[in-house]
file entry-v5.txt (compact mmCIF, N, CA, C and O atoms)
# COMPACT_ATOMS: atom_id res chain seq x y z
N MET A 1 52.10 150.54 155.43
CA MET A 1 52.22 149.13 155.11
C MET A 1 53.58 148.91 154.44
O MET A 1 53.90 149.56 153.47
N LYS A 2 54.33 147.96 154.98
CA LYS A 2 55.61 147.59 154.39
C LYS A 2 55.42 146.35 153.54
O LYS A 2 54.57 145.51 153.84
N GLN A 3 56.22 146.22 152.49
CA GLN A 3 56.21 145.02 151.66
C GLN A 3 57.59 144.39 151.69
O GLN A 3 58.60 145.09 151.57
N ILE A 4 57.61 143.07 151.86
CA ILE A 4 58.88 142.34 151.92
C ILE A 4 58.78 141.06 151.10
O ILE A 4 57.68 140.62 150.74
N THR A 5 59.92 140.46 150.82
CA THR A 5 59.95 139.19 150.09
C THR A 5 59.67 138.04 151.05
O THR A 5 59.71 138.21 152.27
N SER A 6 59.43 136.86 150.49
CA SER A 6 59.18 135.68 151.33
C SER A 6 60.41 135.35 152.17
O SER A 6 60.28 134.92 153.32
N GLU A 7 61.60 135.54 151.61
CA GLU A 7 62.83 135.28 152.38
C GLU A 7 62.93 136.24 153.57
O GLU A 7 63.25 135.82 154.69
N GLU A 8 62.63 137.50 153.34
CA GLU A 8 62.64 138.48 154.44
C GLU A 8 61.57 138.15 155.47
O GLU A 8 61.77 138.35 156.67
N ALA A 9 60.43 137.63 155.00
CA ALA A 9 59.34 137.27 155.90
C ALA A 9 59.75 136.13 156.82
O ALA A 9 59.48 136.16 158.02
N ARG A 10 60.42 135.14 156.28
CA ARG A 10 60.88 134.02 157.11
C ARG A 10 61.85 134.50 158.18
O ARG A 10 61.81 134.05 159.32
N ASP A 11 62.73 135.42 157.83
CA ASP A 11 63.66 136.01 158.79
C ASP A 11 62.91 136.78 159.86
O ASP A 11 63.20 136.67 161.05
N LEU A 12 61.92 137.57 159.45
CA LEU A 12 61.11 138.35 160.38
C LEU A 12 60.39 137.44 161.37
O LEU A 12 60.40 137.69 162.58
N ILE A 13 59.81 136.38 160.88
CA ILE A 13 59.09 135.42 161.74
C ILE A 13 60.03 134.79 162.75
O ILE A 13 59.67 134.60 163.92
N ALA A 14 61.25 134.52 162.33
CA ALA A 14 62.22 133.86 163.20
C ALA A 14 62.72 134.78 164.32
O ALA A 14 63.06 134.31 165.40
N ARG A 15 62.72 136.08 164.09
CA ARG A 15 63.33 136.96 165.09
C ARG A 15 62.35 137.90 165.79
O ARG A 15 62.72 138.62 166.71
N LYS A 16 61.09 137.92 165.39
CA LYS A 16 60.14 138.86 165.98
C LYS A 16 58.83 138.16 166.32
O LYS A 16 58.36 137.32 165.56
N SER A 17 58.25 138.54 167.44
CA SER A 17 56.93 138.04 167.79
C SER A 17 55.92 138.79 166.93
O SER A 17 55.72 140.00 167.12
N ILE A 18 55.33 138.10 166.01
CA ILE A 18 54.43 138.74 165.05
C ILE A 18 53.26 137.80 164.74
O ILE A 18 53.45 136.57 164.72
N THR A 19 52.07 138.34 164.56
CA THR A 19 50.92 137.54 164.19
C THR A 19 50.90 137.39 162.67
O THR A 19 50.94 138.37 161.94
N ILE A 20 50.84 136.14 162.23
CA ILE A 20 50.84 135.84 160.79
C ILE A 20 49.39 135.66 160.36
O ILE A 20 48.66 134.84 160.93
N ILE A 21 48.99 136.42 159.35
CA ILE A 21 47.63 136.30 158.82
C ILE A 21 47.73 135.78 157.38
O ILE A 21 48.32 136.41 156.52
N ASP A 22 47.12 134.63 157.16
CA ASP A 22 47.07 133.99 155.86
C ASP A 22 45.69 134.30 155.29
O ASP A 22 44.68 133.86 155.84
N VAL A 23 45.63 135.08 154.21
CA VAL A 23 44.33 135.52 153.70
C VAL A 23 43.82 134.66 152.54
O VAL A 23 42.91 135.05 151.82
N ARG A 24 44.37 133.46 152.41
CA ARG A 24 43.90 132.53 151.38
C ARG A 24 42.61 131.85 151.84
O ARG A 24 42.20 131.98 152.98
N THR A 25 42.02 131.08 150.94
CA THR A 25 40.80 130.35 151.27
C THR A 25 41.13 129.23 152.26
O THR A 25 42.29 128.80 152.36
N PRO A 26 40.13 128.73 152.98
CA PRO A 26 40.37 127.61 153.90
C PRO A 26 40.97 126.39 153.19
O PRO A 26 41.81 125.70 153.77
N ASP A 27 40.56 126.11 151.96
CA ASP A 27 41.12 124.98 151.22
C ASP A 27 42.60 125.18 150.94
O ASP A 27 43.40 124.26 151.09
N GLU A 28 42.98 126.39 150.52
CA GLU A 28 44.39 126.69 150.29
C GLU A 28 45.19 126.57 151.59
O GLU A 28 46.29 126.02 151.62
N PHE A 29 44.62 127.08 152.65
CA PHE A 29 45.26 127.04 153.96
C PHE A 29 45.48 125.59 154.41
O PHE A 29 46.53 125.26 154.93
N GLU A 30 44.48 124.76 154.18
CA GLU A 30 44.56 123.35 154.59
C GLU A 30 45.69 122.62 153.87
O GLU A 30 46.36 121.77 154.47
N GLU A 31 45.93 122.96 152.61
CA GLU A 31 46.98 122.31 151.83
C GLU A 31 48.36 122.56 152.43
O GLU A 31 49.18 121.65 152.51
N GLU A 32 48.61 123.81 152.82
CA GLU A 32 49.91 124.18 153.38
C GLU A 32 49.77 125.55 154.03
O GLU A 32 49.14 126.44 153.50
N HIS A 33 50.36 125.68 155.22
CA HIS A 33 50.34 126.98 155.88
C HIS A 33 51.50 127.08 156.87
O HIS A 33 52.10 126.08 157.25
N LEU A 34 51.79 128.30 157.24
CA LEU A 34 52.85 128.55 158.21
C LEU A 34 52.36 128.22 159.61
O LEU A 34 51.19 128.46 159.94
N GLU A 35 53.25 127.68 160.42
CA GLU A 35 52.93 127.40 161.80
C GLU A 35 52.50 128.70 162.49
O GLU A 35 53.08 129.75 162.24
N ARG A 36 51.49 128.63 163.31
CA ARG A 36 50.95 129.77 164.06
C ARG A 36 50.14 130.75 163.20
O ARG A 36 49.71 131.79 163.70
N ALA A 37 49.94 130.45 161.92
CA ALA A 37 49.20 131.37 161.06
C ALA A 37 47.71 131.34 161.38
O ALA A 37 47.14 130.30 161.68
N LEU A 38 47.11 132.51 161.30
CA LEU A 38 45.68 132.69 161.47
C LEU A 38 45.08 132.79 160.07
O LEU A 38 45.52 133.60 159.27
N ASN A 39 44.10 131.96 159.76
CA ASN A 39 43.47 131.98 158.43
C ASN A 39 42.23 132.86 158.44
O ASN A 39 41.25 132.56 159.10
N LEU A 40 42.32 133.98 157.72
CA LEU A 40 41.18 134.88 157.53
C LEU A 40 41.02 135.07 156.03
O LEU A 40 41.77 135.82 155.40
N ASP A 41 40.05 134.40 155.45
CA ASP A 41 39.83 134.39 154.01
C ASP A 41 39.44 135.78 153.51
O ASP A 41 38.38 136.31 153.86
N PHE A 42 40.30 136.38 152.68
CA PHE A 42 40.05 137.72 152.16
C PHE A 42 38.75 137.79 151.38
O PHE A 42 38.09 138.83 151.36
N ARG A 43 38.38 136.71 150.75
CA ARG A 43 37.17 136.70 149.90
C ARG A 43 35.88 136.42 150.67
O ARG A 43 34.80 136.46 150.10
N SER A 44 35.98 136.17 151.97
CA SER A 44 34.77 135.90 152.75
C SER A 44 34.01 137.19 153.01
O SER A 44 34.60 138.29 153.04
N GLU A 45 32.71 137.06 153.17
CA GLU A 45 31.85 138.23 153.37
C GLU A 45 32.16 138.98 154.66
O GLU A 45 31.94 140.19 154.74
N ASP A 46 32.66 138.28 155.66
CA ASP A 46 32.90 138.91 156.96
C ASP A 46 34.39 139.22 157.21
O ASP A 46 34.79 139.44 158.34
N PHE A 47 35.18 139.27 156.14
CA PHE A 47 36.62 139.51 156.31
C PHE A 47 36.90 140.82 157.04
O PHE A 47 37.65 140.86 158.01
N GLU A 48 36.28 141.91 156.60
CA GLU A 48 36.54 143.21 157.23
C GLU A 48 36.15 143.19 158.71
O GLU A 48 36.85 143.73 159.56
N GLU A 49 35.05 142.54 159.03
CA GLU A 49 34.60 142.44 160.42
C GLU A 49 35.62 141.67 161.27
O GLU A 49 35.97 142.08 162.37
N LYS A 50 36.13 140.56 160.72
CA LYS A 50 37.11 139.76 161.46
C LYS A 50 38.43 140.51 161.63
O LYS A 50 39.03 140.47 162.70
N ILE A 51 38.88 141.17 160.60
CA ILE A 51 40.13 141.95 160.67
C ILE A 51 39.97 143.08 161.68
O ILE A 51 40.86 143.35 162.49
N SER A 52 38.84 143.75 161.64
CA SER A 52 38.59 144.88 162.55
C SER A 52 38.63 144.48 164.01
O SER A 52 38.91 145.32 164.87
N ALA A 53 38.35 143.22 164.30
CA ALA A 53 38.32 142.74 165.69
C ALA A 53 39.72 142.53 166.27
O ALA A 53 39.87 142.39 167.48
N LEU A 54 40.74 142.55 165.42
CA LEU A 54 42.12 142.34 165.89
C LEU A 54 42.68 143.61 166.54
O LEU A 54 42.22 144.71 166.26
N ASP A 55 43.68 143.44 167.38
CA ASP A 55 44.35 144.55 168.07
C ASP A 55 45.15 145.36 167.05
O ASP A 55 46.09 144.85 166.44
N LYS A 56 44.79 146.60 166.86
CA LYS A 56 45.42 147.45 165.85
C LYS A 56 46.84 147.89 166.21
O LYS A 56 47.55 148.45 165.38
N ASN A 57 47.26 147.63 167.44
CA ASN A 57 48.59 148.04 167.88
C ASN A 57 49.64 146.93 167.80
O ASN A 57 50.82 147.19 168.03
N LYS A 58 49.22 145.72 167.50
CA LYS A 58 50.16 144.60 167.40
C LYS A 58 50.72 144.52 165.97
O LYS A 58 50.10 144.98 165.02
N PRO A 59 51.90 143.89 165.83
CA PRO A 59 52.48 143.73 164.48
C PRO A 59 51.87 142.52 163.76
O PRO A 59 51.64 141.47 164.36
N TYR A 60 51.64 142.69 162.46
CA TYR A 60 51.05 141.64 161.64
C TYR A 60 51.86 141.43 160.36
O TYR A 60 52.34 142.39 159.76
N LEU A 61 51.95 140.17 159.96
CA LEU A 61 52.53 139.78 158.68
C LEU A 61 51.41 139.14 157.88
O LEU A 61 50.80 138.17 158.34
N VAL A 62 51.11 139.69 156.71
CA VAL A 62 49.99 139.22 155.90
C VAL A 62 50.53 138.57 154.62
O VAL A 62 51.40 139.15 153.96
N HIS A 63 50.01 137.38 154.30
CA HIS A 63 50.43 136.74 153.05
C HIS A 63 49.28 135.98 152.41
O HIS A 63 48.26 135.71 153.05
N CYS A 64 49.46 135.66 151.12
CA CYS A 64 48.48 134.86 150.38
C CYS A 64 49.25 133.98 149.40
O CYS A 64 50.41 133.64 149.65
N HIS A 65 48.65 133.65 148.28
CA HIS A 65 49.30 132.77 147.30
C HIS A 65 50.37 133.51 146.50
O HIS A 65 51.49 133.06 146.38
N SER A 66 50.00 134.67 145.95
CA SER A 66 50.95 135.38 145.08
C SER A 66 51.17 136.84 145.45
O SER A 66 51.93 137.53 144.79
N GLY A 67 50.49 137.33 146.46
CA GLY A 67 50.69 138.70 146.92
C GLY A 67 49.53 139.64 146.68
O GLY A 67 49.42 140.67 147.33
N GLY A 68 48.64 139.32 145.76
CA GLY A 68 47.53 140.21 145.42
C GLY A 68 46.54 140.43 146.56
O GLY A 68 46.25 141.56 146.94
N ARG A 69 46.01 139.35 147.09
CA ARG A 69 45.06 139.46 148.20
C ARG A 69 45.72 140.04 149.44
O ARG A 69 45.12 140.83 150.17
N ALA A 70 46.98 139.66 149.67
CA ALA A 70 47.70 140.18 150.84
C ALA A 70 47.85 141.70 150.76
O ALA A 70 47.67 142.40 151.75
N CYS A 71 48.18 142.21 149.57
CA CYS A 71 48.32 143.66 149.40
C CYS A 71 46.98 144.37 149.65
O CYS A 71 46.94 145.39 150.33
N LYS A 72 45.92 143.81 149.11
CA LYS A 72 44.59 144.41 149.33
C LYS A 72 44.21 144.37 150.80
O LYS A 72 43.66 145.32 151.34
N ALA A 73 44.51 143.25 151.46
CA ALA A 73 44.22 143.12 152.89
C ALA A 73 45.05 144.12 153.69
O ALA A 73 44.55 144.77 154.61
N GLY A 74 46.33 144.27 153.33
CA GLY A 74 47.20 145.23 153.99
C GLY A 74 46.72 146.66 153.83
O GLY A 74 46.74 147.45 154.78
N GLU A 75 46.26 147.00 152.64
CA GLU A 75 45.71 148.34 152.39
C GLU A 75 44.49 148.58 153.25
O GLU A 75 44.32 149.66 153.82
N LEU A 76 43.62 147.57 153.35
CA LEU A 76 42.43 147.70 154.20
C LEU A 76 42.83 147.88 155.66
O LEU A 76 42.27 148.73 156.36
N MET A 77 43.81 147.11 156.11
CA MET A 77 44.26 147.22 157.49
C MET A 77 44.83 148.61 157.76
O MET A 77 44.57 149.19 158.82
N ASP A 78 45.58 149.16 156.82
CA ASP A 78 46.08 150.53 156.96
C ASP A 78 44.91 151.51 157.10
O ASP A 78 44.91 152.38 157.97
N LYS A 79 43.93 151.35 156.24
CA LYS A 79 42.74 152.22 156.24
C LYS A 79 41.98 152.12 157.57
O LYS A 79 41.43 153.10 158.06
N LEU A 80 41.99 150.92 158.17
CA LEU A 80 41.30 150.69 159.43
C LEU A 80 42.10 151.16 160.65
O LEU A 80 41.62 151.09 161.77
N GLY A 81 43.35 151.60 160.42
CA GLY A 81 44.14 152.15 161.51
C GLY A 81 45.16 151.23 162.15
O GLY A 81 45.68 151.53 163.22
N PHE A 82 45.46 150.11 161.52
CA PHE A 82 46.48 149.22 162.04
C PHE A 82 47.84 149.91 161.95
O PHE A 82 48.15 150.57 160.96
N GLN A 83 48.65 149.77 163.00
CA GLN A 83 49.90 150.50 163.12
C GLN A 83 51.12 149.81 162.50
O GLN A 83 52.06 150.48 162.09
N ASP A 84 51.13 148.47 162.45
CA ASP A 84 52.33 147.74 162.02
C ASP A 84 51.93 146.56 161.15
O ASP A 84 51.77 145.44 161.64
N VAL A 85 51.78 146.81 159.85
CA VAL A 85 51.37 145.77 158.90
C VAL A 85 52.48 145.57 157.87
O VAL A 85 52.93 146.53 157.24
N THR A 86 52.91 144.33 157.73
CA THR A 86 53.90 143.96 156.74
C THR A 86 53.28 142.93 155.81
O THR A 86 52.67 141.97 156.27
N VAL A 87 53.42 143.15 154.51
CA VAL A 87 52.83 142.27 153.51
C VAL A 87 53.93 141.55 152.74
O VAL A 87 54.92 142.18 152.34
N VAL A 88 53.72 140.27 152.51
CA VAL A 88 54.65 139.49 151.71
C VAL A 88 54.27 139.67 150.25
O VAL A 88 53.15 139.35 149.86
N LYS A 89 55.19 140.21 149.47
CA LYS A 89 54.93 140.35 148.04
C LYS A 89 55.45 139.08 147.36
O LYS A 89 56.60 138.70 147.53
N GLY A 90 54.58 138.40 146.69
CA GLY A 90 54.95 137.15 146.07
C GLY A 90 54.56 135.95 146.92
O GLY A 90 53.82 136.06 147.89
N LYS A 91 55.07 134.80 146.54
CA LYS A 91 54.67 133.53 147.15
C LYS A 91 55.46 133.22 148.41
O LYS A 91 56.66 133.41 148.46
N MET A 92 54.77 132.69 149.41
CA MET A 92 55.43 132.17 150.61
C MET A 92 55.83 130.72 150.40
O MET A 92 56.77 130.23 150.99
N PHE A 93 55.08 130.01 149.57
CA PHE A 93 55.32 128.59 149.32
C PHE A 93 55.66 128.38 147.86
O PHE A 93 55.04 128.93 146.99
N GLU A 94 56.65 127.56 147.62
CA GLU A 94 57.06 127.26 146.24
C GLU A 94 56.56 125.91 145.83
O GLU A 94 56.31 125.05 146.53
call {"tool": "encode", "arguments": {"input": "entry-v5.txt", "output": "structure tokens"}}
result
Amino acid sequence: MKQITSEEARDLIARKSITIIDVRTPDEFEEEHLERALNLDFRSEDFEEKISALDKNKPYLVHCHSGGRACKAGELMDKLGFQDVTVVKGKMFE
């Protein structure tokens, strides 16, 4: 699992085809989110099941409000065998 800043994440999104996973709650997601982002609430009971259903060979960018949930989600994805997970450390939105 790689960790990058929000500035690096924006650059990555602009130049690479990558699936963006927003692990905030649906309410947080509704307030503001990145275009093309997939909302999978880290705190939901079925989070691991939903993450496990994704293609483990594709690249993913994971973010949340401040980086905590994203790091935990990234660690879980590593444990589940995902090959290319990048986590945004810190806030994506100011």
call {"tool": "residues_around", "arguments": {"input": "entry-v5.txt", "residues": "region 46-58 of chain A", "least_positions_apart": "6", "cutoff": "7 Å", "atoms": "only N, CA, C and O atoms", "output": "list in words"}}
result
Ser17, Ile18, Thr19, Leu40, Leu80, Gly81, Phe82, Gln83, Asp84 and Val85 of chain A
call {"tool": "residues_around", "arguments": {"input": "entry-v5.txt", "residues": "Phe29 (chain A)", "least_positions_apart": "5", "cutoff": "7 Å", "atoms": "all atoms listed in the file", "output": "count of residues only"}}
result
3
call {"tool": "closest_residue", "arguments": {"input": "entry-v5.txt", "among": "A:Ala9, A:Met77, A:Leu38, A:Met1", "to": "Pro26 (chain A)", "atoms": "only C-alpha atoms"}}
result
A:Leu38
call {"tool": "closest_residue", "arguments": {"input": "entry-v5.txt", "among": "A:Lys91, A:Thr86, A:Val23, A:Glu28", "to": "Gly67 (chain A)", "atoms": "only N, CA, C and O atoms"}}
result
A:Lys91
call {"tool": "closest_residue", "arguments": {"input": "entry-v5.txt", "among": "A:Ile21, A:Ala73, A:Cys64, A:Val87", "to": "Thr5 (chain A)", "atoms": "all atoms listed in the file"}}
result
A:Val87
call {"tool": "select_by_dssp", "arguments": {"input": "entry-v5.txt", "residues": "chain A", "states": "strand (DSSP E or B)", "output": "mmCIF file with N, CA, C and O atoms, in the coordinates of the input"}}
result
data_model
loop_
_atom_site.group_PDB
_atom_site.id
_atom_site.type_symbol
_atom_site.label_atom_id
_atom_site.label_comp_id
_atom_site.auth_asym_id
_atom_site.auth_seq_id
_atom_site.Cartn_x
_atom_site.Cartn_y
_atom_site.Cartn_z
ATOM 1 N N LYS A 2 54.330 147.960 154.980
ATOM 2 C CA LYS A 2 55.610 147.590 154.390
ATOM 3 C C LYS A 2 55.420 146.350 153.540
ATOM 4 O O LYS A 2 54.570 145.510 153.840
ATOM 5 N N GLN A 3 56.220 146.220 152.490
ATOM 6 C CA GLN A 3 56.210 145.020 151.660
ATOM 7 C C GLN A 3 57.590 144.390 151.690
ATOM 8 O O GLN A 3 58.600 145.090 151.570
ATOM 9 N N ILE A 4 57.610 143.070 151.860
ATOM 10 C CA ILE A 4 58.880 142.340 151.920
ATOM 11 C C ILE A 4 58.780 141.060 151.100
ATOM 12 O O ILE A 4 57.680 140.620 150.740
ATOM 13 N N THR A 19 52.070 138.340 164.560
ATOM 14 C CA THR A 19 50.920 137.540 164.190
ATOM 15 C C THR A 19 50.900 137.390 162.670
ATOM 16 O O THR A 19 50.940 138.370 161.940
ATOM 17 N N ILE A 20 50.840 136.140 162.230
ATOM 18 C CA ILE A 20 50.840 135.840 160.790
ATOM 19 C C ILE A 20 49.390 135.660 160.360
ATOM 20 O O ILE A 20 48.660 134.840 160.930
ATOM 21 N N ILE A 21 48.990 136.420 159.350
ATOM 22 C CA ILE A 21 47.630 136.300 158.820
ATOM 23 C C ILE A 21 47.730 135.780 157.380
ATOM 24 O O ILE A 21 48.320 136.410 156.520
ATOM 25 N N ASP A 22 47.120 134.630 157.160
ATOM 26 C CA ASP A 22 47.070 133.990 155.860
ATOM 27 C C ASP A 22 45.690 134.300 155.290
ATOM 28 O O ASP A 22 44.680 133.860 155.840
ATOM 29 N N LEU A 38 47.110 132.510 161.300
ATOM 30 C CA LEU A 38 45.680 132.690 161.470
ATOM 31 C C LEU A 38 45.080 132.790 160.070
ATOM 32 O O LEU A 38 45.520 133.600 159.270
ATOM 33 N N ASN A 39 44.100 131.960 159.760
ATOM 34 C CA ASN A 39 43.470 131.980 158.430
ATOM 35 C C ASN A 39 42.230 132.860 158.440
ATOM 36 O O ASN A 39 41.250 132.560 159.100
ATOM 37 N N PRO A 59 51.900 143.890 165.830
ATOM 38 C CA PRO A 59 52.480 143.730 164.480
ATOM 39 C C PRO A 59 51.870 142.520 163.760
ATOM 40 O O PRO A 59 51.640 141.470 164.360
ATOM 41 N N TYR A 60 51.640 142.690 162.460
ATOM 42 C CA TYR A 60 51.050 141.640 161.640
ATOM 43 C C TYR A 60 51.860 141.430 160.360
ATOM 44 O O TYR A 60 52.340 142.390 159.760
ATOM 45 N N LEU A 61 51.950 140.170 159.960
ATOM 46 C CA LEU A 61 52.530 139.780 158.680
ATOM 47 C C LEU A 61 51.410 139.140 157.880
ATOM 48 O O LEU A 61 50.800 138.170 158.340
ATOM 49 N N VAL A 62 51.110 139.690 156.710
ATOM 50 C CA VAL A 62 49.990 139.220 155.900
ATOM 51 C C VAL A 62 50.530 138.570 154.620
ATOM 52 O O VAL A 62 51.400 139.150 153.960
ATOM 53 N N HIS A 63 50.010 137.380 154.300
ATOM 54 C CA HIS A 63 50.430 136.740 153.050
ATOM 55 C C HIS A 63 49.280 135.980 152.410
ATOM 56 O O HIS A 63 48.260 135.710 153.050
ATOM 57 N N ASP A 84 51.130 148.470 162.450
ATOM 58 C CA ASP A 84 52.330 147.740 162.020
ATOM 59 C C ASP A 84 51.930 146.560 161.150
ATOM 60 O O ASP A 84 51.770 145.440 161.640
ATOM 61 N N VAL A 85 51.780 146.810 159.850
ATOM 62 C CA VAL A 85 51.370 145.770 158.900
ATOM 63 C C VAL A 85 52.480 145.570 157.870
ATOM 64 O O VAL A 85 52.930 146.530 157.240
ATOM 65 N N THR A 86 52.910 144.330 157.730
ATOM 66 C CA THR A 86 53.900 143.960 156.740
ATOM 67 C C THR A 86 53.280 142.930 155.810
ATOM 68 O O THR A 86 52.670 141.970 156.270
ATOM 69 N N VAL A 87 53.420 143.150 154.510
ATOM 70 C CA VAL A 87 52.830 142.270 153.510
ATOM 71 C C VAL A 87 53.930 141.550 152.740
ATOM 72 O O VAL A 87 54.920 142.180 152.340
ATOM 73 N N VAL A 88 53.720 140.270 152.510
ATOM 74 C CA VAL A 88 54.650 139.490 151.710
ATOM 75 C C VAL A 88 54.270 139.670 150.250
ATOM 76 O O VAL A 88 53.150 139.350 149.860
#
call {"tool": "atom_distance", "arguments": {"input": "entry-v5.txt", "atom1": "atom C of Ile4 (chain A)", "atom2": "atom C of Glu45 (chain A)"}}
result
26.9 Å
call {"tool": "atom_distance", "arguments": {"input": "entry-v5.txt", "atom1": "atom C of Thr25 (chain A)", "atom2": "atom N of His65 (chain A)"}}
result
9.6 Å
call {"tool": "atom_distance", "arguments": {"input": "entry-v5.txt", "atom1": "atom O of Leu76 (chain A)", "atom2": "atom N of Asp41 (chain A)"}}
result
14.5 Å
call {"tool": "decode", "arguments": {"input": "entry-v5.txt", "residues": "region 14-71 of chain A", "atoms": "C-alpha atoms", "output": "mmCIF file, in the first residue's frame"}}
result
data_model
loop_
_atom_site.group_PDB
_atom_site.id
_atom_site.type_symbol
_atom_site.label_atom_id
_atom_site.label_comp_id
_atom_site.auth_asym_id
_atom_site.auth_seq_id
_atom_site.Cartn_x
_atom_site.Cartn_y
_atom_site.Cartn_z
ATOM 1 C CA ALA A 14 -5.414 13.225 -13.947
ATOM 2 C CA ARG A 15 -2.826 10.977 -15.576
ATOM 3 C CA LYS A 16 -3.845 7.396 -14.729
ATOM 4 C CA SER A 17 -6.964 5.313 -15.147
ATOM 5 C CA ILE A 18 -7.672 4.450 -11.534
ATOM 6 C CA THR A 19 -10.755 3.527 -9.504
ATOM 7 C CA ILE A 20 -11.376 6.040 -6.723
ATOM 8 C CA ILE A 21 -12.870 4.611 -3.544
ATOM 9 C CA ASP A 22 -14.331 7.078 -1.051
ATOM 10 C CA VAL A 23 -14.718 5.261 2.276
ATOM 11 C CA ARG A 24 -16.683 8.014 4.025
ATOM 12 C CA THR A 25 -20.323 7.716 5.048
ATOM 13 C CA PRO A 26 -23.038 8.274 2.427
ATOM 14 C CA ASP A 27 -23.880 11.632 4.067
ATOM 15 C CA GLU A 28 -20.252 12.789 3.824
ATOM 16 C CA PHE A 29 -20.106 11.569 0.234
ATOM 17 C CA GLU A 30 -23.297 13.435 -0.651
ATOM 18 C CA GLU A 31 -21.850 16.733 0.632
ATOM 19 C CA GLU A 32 -18.822 16.560 -1.653
ATOM 20 C CA HIS A 33 -17.024 13.864 -3.606
ATOM 21 C CA LEU A 34 -14.635 13.329 -6.468
ATOM 22 C CA GLU A 35 -16.064 12.707 -9.907
ATOM 23 C CA ARG A 36 -16.177 8.965 -10.704
ATOM 24 C CA ALA A 37 -15.690 8.038 -7.029
ATOM 25 C CA LEU A 38 -17.252 4.859 -5.704
ATOM 26 C CA ASN A 39 -18.691 5.269 -2.188
ATOM 27 C CA LEU A 40 -18.053 2.261 0.053
ATOM 28 C CA ASP A 41 -18.660 3.227 3.685
ATOM 29 C CA PHE A 42 -15.813 1.810 5.796
ATOM 30 C CA ARG A 43 -18.085 1.718 8.847
ATOM 31 C CA SER A 44 -20.828 -0.324 7.162
ATOM 32 C CA GLU A 45 -21.307 -3.934 8.217
ATOM 33 C CA ASP A 46 -20.779 -5.238 4.686
ATOM 34 C CA PHE A 47 -17.685 -3.162 3.821
ATOM 35 C CA GLU A 48 -15.315 -6.140 3.643
ATOM 36 C CA GLU A 49 -17.783 -8.067 1.471
ATOM 37 C CA LYS A 50 -18.148 -5.145 -0.947
ATOM 38 C CA ILE A 51 -14.387 -4.528 -1.133
ATOM 39 C CA SER A 52 -13.732 -8.239 -1.677
ATOM 40 C CA ALA A 53 -16.013 -8.204 -4.730
ATOM 41 C CA LEU A 54 -13.730 -5.737 -6.558
ATOM 42 C CA ASP A 55 -11.056 -6.814 -9.066
ATOM 43 C CA LYS A 56 -7.863 -7.281 -7.041
ATOM 44 C CA ASN A 57 -5.655 -6.616 -10.082
ATOM 45 C CA LYS A 58 -6.915 -3.108 -10.878
ATOM 46 C CA PRO A 59 -5.393 0.068 -9.386
ATOM 47 C CA TYR A 60 -7.304 1.819 -6.596
ATOM 48 C CA LEU A 61 -7.042 5.190 -4.884
ATOM 49 C CA VAL A 62 -8.659 5.195 -1.428
ATOM 50 C CA HIS A 63 -9.558 8.328 0.521
ATOM 51 C CA CYS A 64 -11.715 9.551 3.401
ATOM 52 C CA HIS A 65 -12.050 12.734 5.462
ATOM 53 C CA SER A 66 -8.670 12.828 7.196
ATOM 54 C CA GLY A 67 -6.858 9.630 6.214
ATOM 55 C CA GLY A 68 -7.676 7.308 9.120
ATOM 56 C CA ARG A 69 -10.421 5.217 7.544
ATOM 57 C CA ALA A 70 -8.600 5.225 4.201
ATOM 58 C CA CYS A 71 -5.456 3.774 5.815
#
